[in-house]
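Following: one structure in structure tokens, then a few remarks.
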Amino acid sequence: MKTAVVYYSMSGNTEYVARRIVEEIPADSVRLAPVKEYPTSGMRKFVWGGKSALMAEAPELLSYTIDLAQYDRIVLGTPIWAGTFAPPLRTFIRQHKDELSQKRIAAFACSGGGNASKAFAKLEEELGGMTLEARLSLVDPKNDLTHDADSSIRDFCSKLG
């Protein structure tokens, strides 16, 4: 089964997990980036990013290349912002909704703390009611000194077959 990992990462946690997944299973990856970058520090980071997530904004993305017809499964990766997935992922889903409806979809989410179940539910809703094949929620995985993140990533990948 051919897989692509499509993700947005601001602080590097989501990118870390995407790279680890690509190492574990044969997969290609596509990093999404908005044309207008979000602030990466201070209060502006939380206010602007949180507002964008809560308002279900879909920012314009920098050009990226993916031929979804080549893939059986898409793994979506996102940080958690204001209890939901990051807006660049919303843009990708809206641009490819028909194609994604024909794929197996899995997802992973990174946060500073807490559970991603609410974000996964919103992601399934954005996907038109699809059920995610597998889910992975991690807290600050790139700084996880216990290596629990790597173990969780391996478990997630084993569910993908």
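Chain lettering (A, B, ...) mirrors the order of the structure tokens, residue numbering begins at 1 for each chain separately, and ligand numbering begins at 1 in order of display.
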Report the residues of chain A whose backbone DSSP state falls under alpha helix (DSSP H), written as a PyMOL selection string. chain A and resi 13-24+42-54+87-95+97-100+117-126+148-159
Based on DSSP run over this structure's backbone, return all residues of segment 11-120 of chain A in strand (DSSP E), as a list in words. Ala27, Asp28, Ser29, Val30, Arg31, Leu32, Arg73, Ile74, Val75, Leu76, Gly77, Thr78, Pro79, Ile80, Trp81, Thr84, Phe85, Arg104, Ile105, Ala106, Ala107, Phe108, Ala109, Cys110 and Ser111 of chain A
May I have the selected residues written with N, CA and C atoms, as a compact mmCIF listing (two decimals), in the first residue's frame?
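Writing done, so here's again.txt:
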# COMPACT_ATOMS: atom_id res chain seq x y z
N ALA A 27 7.05 5.54 2.76
CA ALA A 27 6.11 6.65 2.54
C ALA A 27 6.84 7.85 1.96
N ASP A 28 6.10 8.62 1.20
CA ASP A 28 6.57 9.91 0.74
C ASP A 28 6.03 10.96 1.71
N SER A 29 6.59 12.16 1.69
CA SER A 29 6.06 13.20 2.57
C SER A 29 5.97 14.53 1.85
N VAL A 30 5.00 15.31 2.30
CA VAL A 30 4.77 16.66 1.79
C VAL A 30 4.55 17.57 2.98
N ARG A 31 5.39 18.59 3.09
CA ARG A 31 5.22 19.58 4.16
C ARG A 31 4.44 20.76 3.60
N LEU A 32 3.35 21.10 4.27
CA LEU A 32 2.53 22.25 3.89
C LEU A 32 3.07 23.50 4.57
N ARG A 73 -3.12 5.45 0.81
CA ARG A 73 -3.32 5.98 2.16
C ARG A 73 -2.63 7.33 2.29
N ILE A 74 -3.31 8.23 3.01
CA ILE A 74 -2.73 9.52 3.35
C ILE A 74 -2.71 9.63 4.87
N VAL A 75 -1.54 9.95 5.41
CA VAL A 75 -1.40 10.19 6.84
C VAL A 75 -1.29 11.70 7.01
N LEU A 76 -2.23 12.28 7.73
CA LEU A 76 -2.26 13.73 7.96
C LEU A 76 -1.62 14.04 9.31
N GLY A 77 -0.75 15.04 9.34
CA GLY A 77 -0.09 15.43 10.57
C GLY A 77 -0.30 16.89 10.88
N THR A 78 -0.56 17.18 12.16
CA THR A 78 -0.90 18.55 12.55
C THR A 78 -0.53 18.84 14.00
N PRO A 79 -0.17 20.08 14.29
CA PRO A 79 -0.14 20.50 15.69
C PRO A 79 -1.58 20.78 16.13
N ILE A 80 -1.82 20.79 17.41
CA ILE A 80 -3.14 21.13 17.95
C ILE A 80 -3.13 22.61 18.29
N TRP A 81 -4.09 23.33 17.71
CA TRP A 81 -4.25 24.75 17.98
C TRP A 81 -5.68 24.97 18.45
N THR A 84 -8.12 22.15 17.98
CA THR A 84 -8.41 21.63 16.65
C THR A 84 -7.12 21.51 15.84
N PHE A 85 -7.24 21.08 14.60
CA PHE A 85 -6.07 20.92 13.75
C PHE A 85 -5.70 22.28 13.13
N ARG A 104 -7.62 5.73 2.25
CA ARG A 104 -7.57 5.41 3.67
C ARG A 104 -6.82 6.56 4.32
N ILE A 105 -7.37 7.07 5.41
CA ILE A 105 -6.79 8.25 6.07
C ILE A 105 -6.45 7.90 7.52
N ALA A 106 -5.23 8.24 7.91
CA ALA A 106 -4.79 8.14 9.29
C ALA A 106 -4.30 9.54 9.68
N ALA A 107 -4.14 9.77 10.98
CA ALA A 107 -3.70 11.10 11.40
C ALA A 107 -2.89 11.03 12.69
N PHE A 108 -1.99 11.99 12.82
CA PHE A 108 -1.26 12.18 14.07
C PHE A 108 -1.30 13.65 14.43
N ALA A 109 -1.25 13.91 15.72
CA ALA A 109 -1.31 15.28 16.22
C ALA A 109 -0.32 15.47 17.35
N CYS A 110 0.29 16.63 17.39
CA CYS A 110 1.25 16.98 18.43
C CYS A 110 0.72 18.17 19.21
N SER A 111 0.90 18.13 20.52
CA SER A 111 0.43 19.23 21.35
C SER A 111 1.43 19.49 22.47
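Each of A:Ala121, A:Ile153, A:Ala56, A:Val139 was compared to Arg94 of chain A using only C-alpha atoms, and A:Ala56 turns out to be the nearest.
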Using only C-alpha atoms, which protein or nucleic acid residues come within 8 Å of Lys159 of chain A? Drop anything in the same chain fewer than 3 positions from it, and give the result as a list in words. Ala134, Asp155 and Phe156 of chain A
Expected file contents, prior selection, all heavy atoms, as a PDB file, in the first residue's frame:
ATOM      1  N   ALA A 134      -6.272   5.168  11.747  1.00  0.00           N
ATOM      2  CA  ALA A 134      -5.431   5.125  12.945  1.00  0.00           C
ATOM      3  C   ALA A 134      -5.200   6.553  13.405  1.00  0.00           C
ATOM      4  O   ALA A 134      -5.220   7.486  12.609  1.00  0.00           O
ATOM      5  CB  ALA A 134      -4.109   4.430  12.650  1.00  0.00           C
ATOM      6  N   ASP A 155       4.233   1.940  17.193  1.00  0.00           N
ATOM      7  CA  ASP A 155       2.918   1.296  17.361  1.00  0.00           C
ATOM      8  C   ASP A 155       1.911   1.819  16.322  1.00  0.00           C
ATOM      9  O   ASP A 155       1.171   1.047  15.744  1.00  0.00           O
ATOM     10  CB  ASP A 155       2.370   1.524  18.771  1.00  0.00           C
ATOM     11  CG  ASP A 155       3.110   0.751  19.838  1.00  0.00           C
ATOM     12  OD1 ASP A 155       3.884  -0.175  19.498  1.00  0.00           O
ATOM     13  OD2 ASP A 155       2.946   1.088  21.028  1.00  0.00           O
ATOM     14  N   PHE A 156       1.899   3.116  16.114  1.00  0.00           N
ATOM     15  CA  PHE A 156       1.026   3.734  15.120  1.00  0.00           C
ATOM     16  C   PHE A 156       1.326   3.166  13.737  1.00  0.00           C
ATOM     17  O   PHE A 156       0.421   2.775  12.992  1.00  0.00           O
ATOM     18  CB  PHE A 156       1.238   5.260  15.151  1.00  0.00           C
ATOM     19  CG  PHE A 156       0.502   6.037  14.098  1.00  0.00           C
ATOM     20  CD1 PHE A 156      -0.869   6.241  14.175  1.00  0.00           C
ATOM     21  CD2 PHE A 156       1.186   6.584  13.015  1.00  0.00           C
ATOM     22  CE1 PHE A 156      -1.546   6.993  13.216  1.00  0.00           C
ATOM     23  CE2 PHE A 156       0.520   7.336  12.057  1.00  0.00           C
ATOM     24  CZ  PHE A 156      -0.841   7.534  12.153  1.00  0.00           C
TER      25      PHE A 156
END
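Rounded to one decimal, atom CA of Pro88 of chain A and atom CA of Asp148 of chain A lie 27.5 Å from each other.
Straight-line separation from atom CA of Gly113 of chain A to atom CA of Gly128 of chain A: 27.3 Å.
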Rounded to one decimal in Å, what is the spacing between atom CA of Ala4 of chain A and atom CA of Ser101 of chain A? 14.8 Å
Near segment 6-20 of chain A, 9 Å: segment 123-146 of chain A residue rows, closest pairs, only C-alpha atoms, as CSV:
residue,atom,partner,partner_atom,distance
A:Leu138,CA,A:Val17,CA,9.0
A:Val139,CA,A:Asn13,CA,8.8
A:Asp140,CA,A:Asn13,CA,6.2
A:Pro141,CA,A:Asn13,CA,5.9
A:Lys142,CA,A:Asn13,CA,5.4
A:Asn143,CA,A:Asn13,CA,8.3
Residues at most 9 Å from Ser117 of chain A, counting only C-alpha atoms, excluding those fewer than 4 positions away in the same chain, as number ranges by chain? A: 83, 121-122, 135, 137
The selected residues should be written to file as a tab-separated table (two decimals), in the first residue's frame (atoms: N, CA, C and O atoms).
chain	number	residue	atom	x	y	z
A	83	GLY	N	-7.57	23.45	20.36
A	83	GLY	CA	-8.38	22.24	20.40
A	83	GLY	C	-8.73	21.64	19.05
A	83	GLY	O	-9.53	20.72	18.96
A	121	ALA	N	-11.79	14.47	15.97
A	121	ALA	CA	-13.22	14.51	15.62
A	121	ALA	C	-13.48	15.63	14.61
A	121	ALA	O	-14.23	15.45	13.63
A	122	LYS	N	-12.85	16.79	14.82
A	122	LYS	CA	-13.02	17.90	13.88
A	122	LYS	C	-12.38	17.59	12.54
A	122	LYS	O	-12.91	17.97	11.49
A	135	ARG	N	-4.97	6.69	14.72
A	135	ARG	CA	-4.74	8.00	15.33
A	135	ARG	C	-3.54	7.92	16.26
A	135	ARG	O	-3.35	6.92	16.94
A	137	SER	N	-1.64	10.58	19.10
A	137	SER	CA	-1.56	11.85	19.81
A	137	SER	C	-0.29	11.86	20.64
A	137	SER	O	-0.08	10.96	21.46
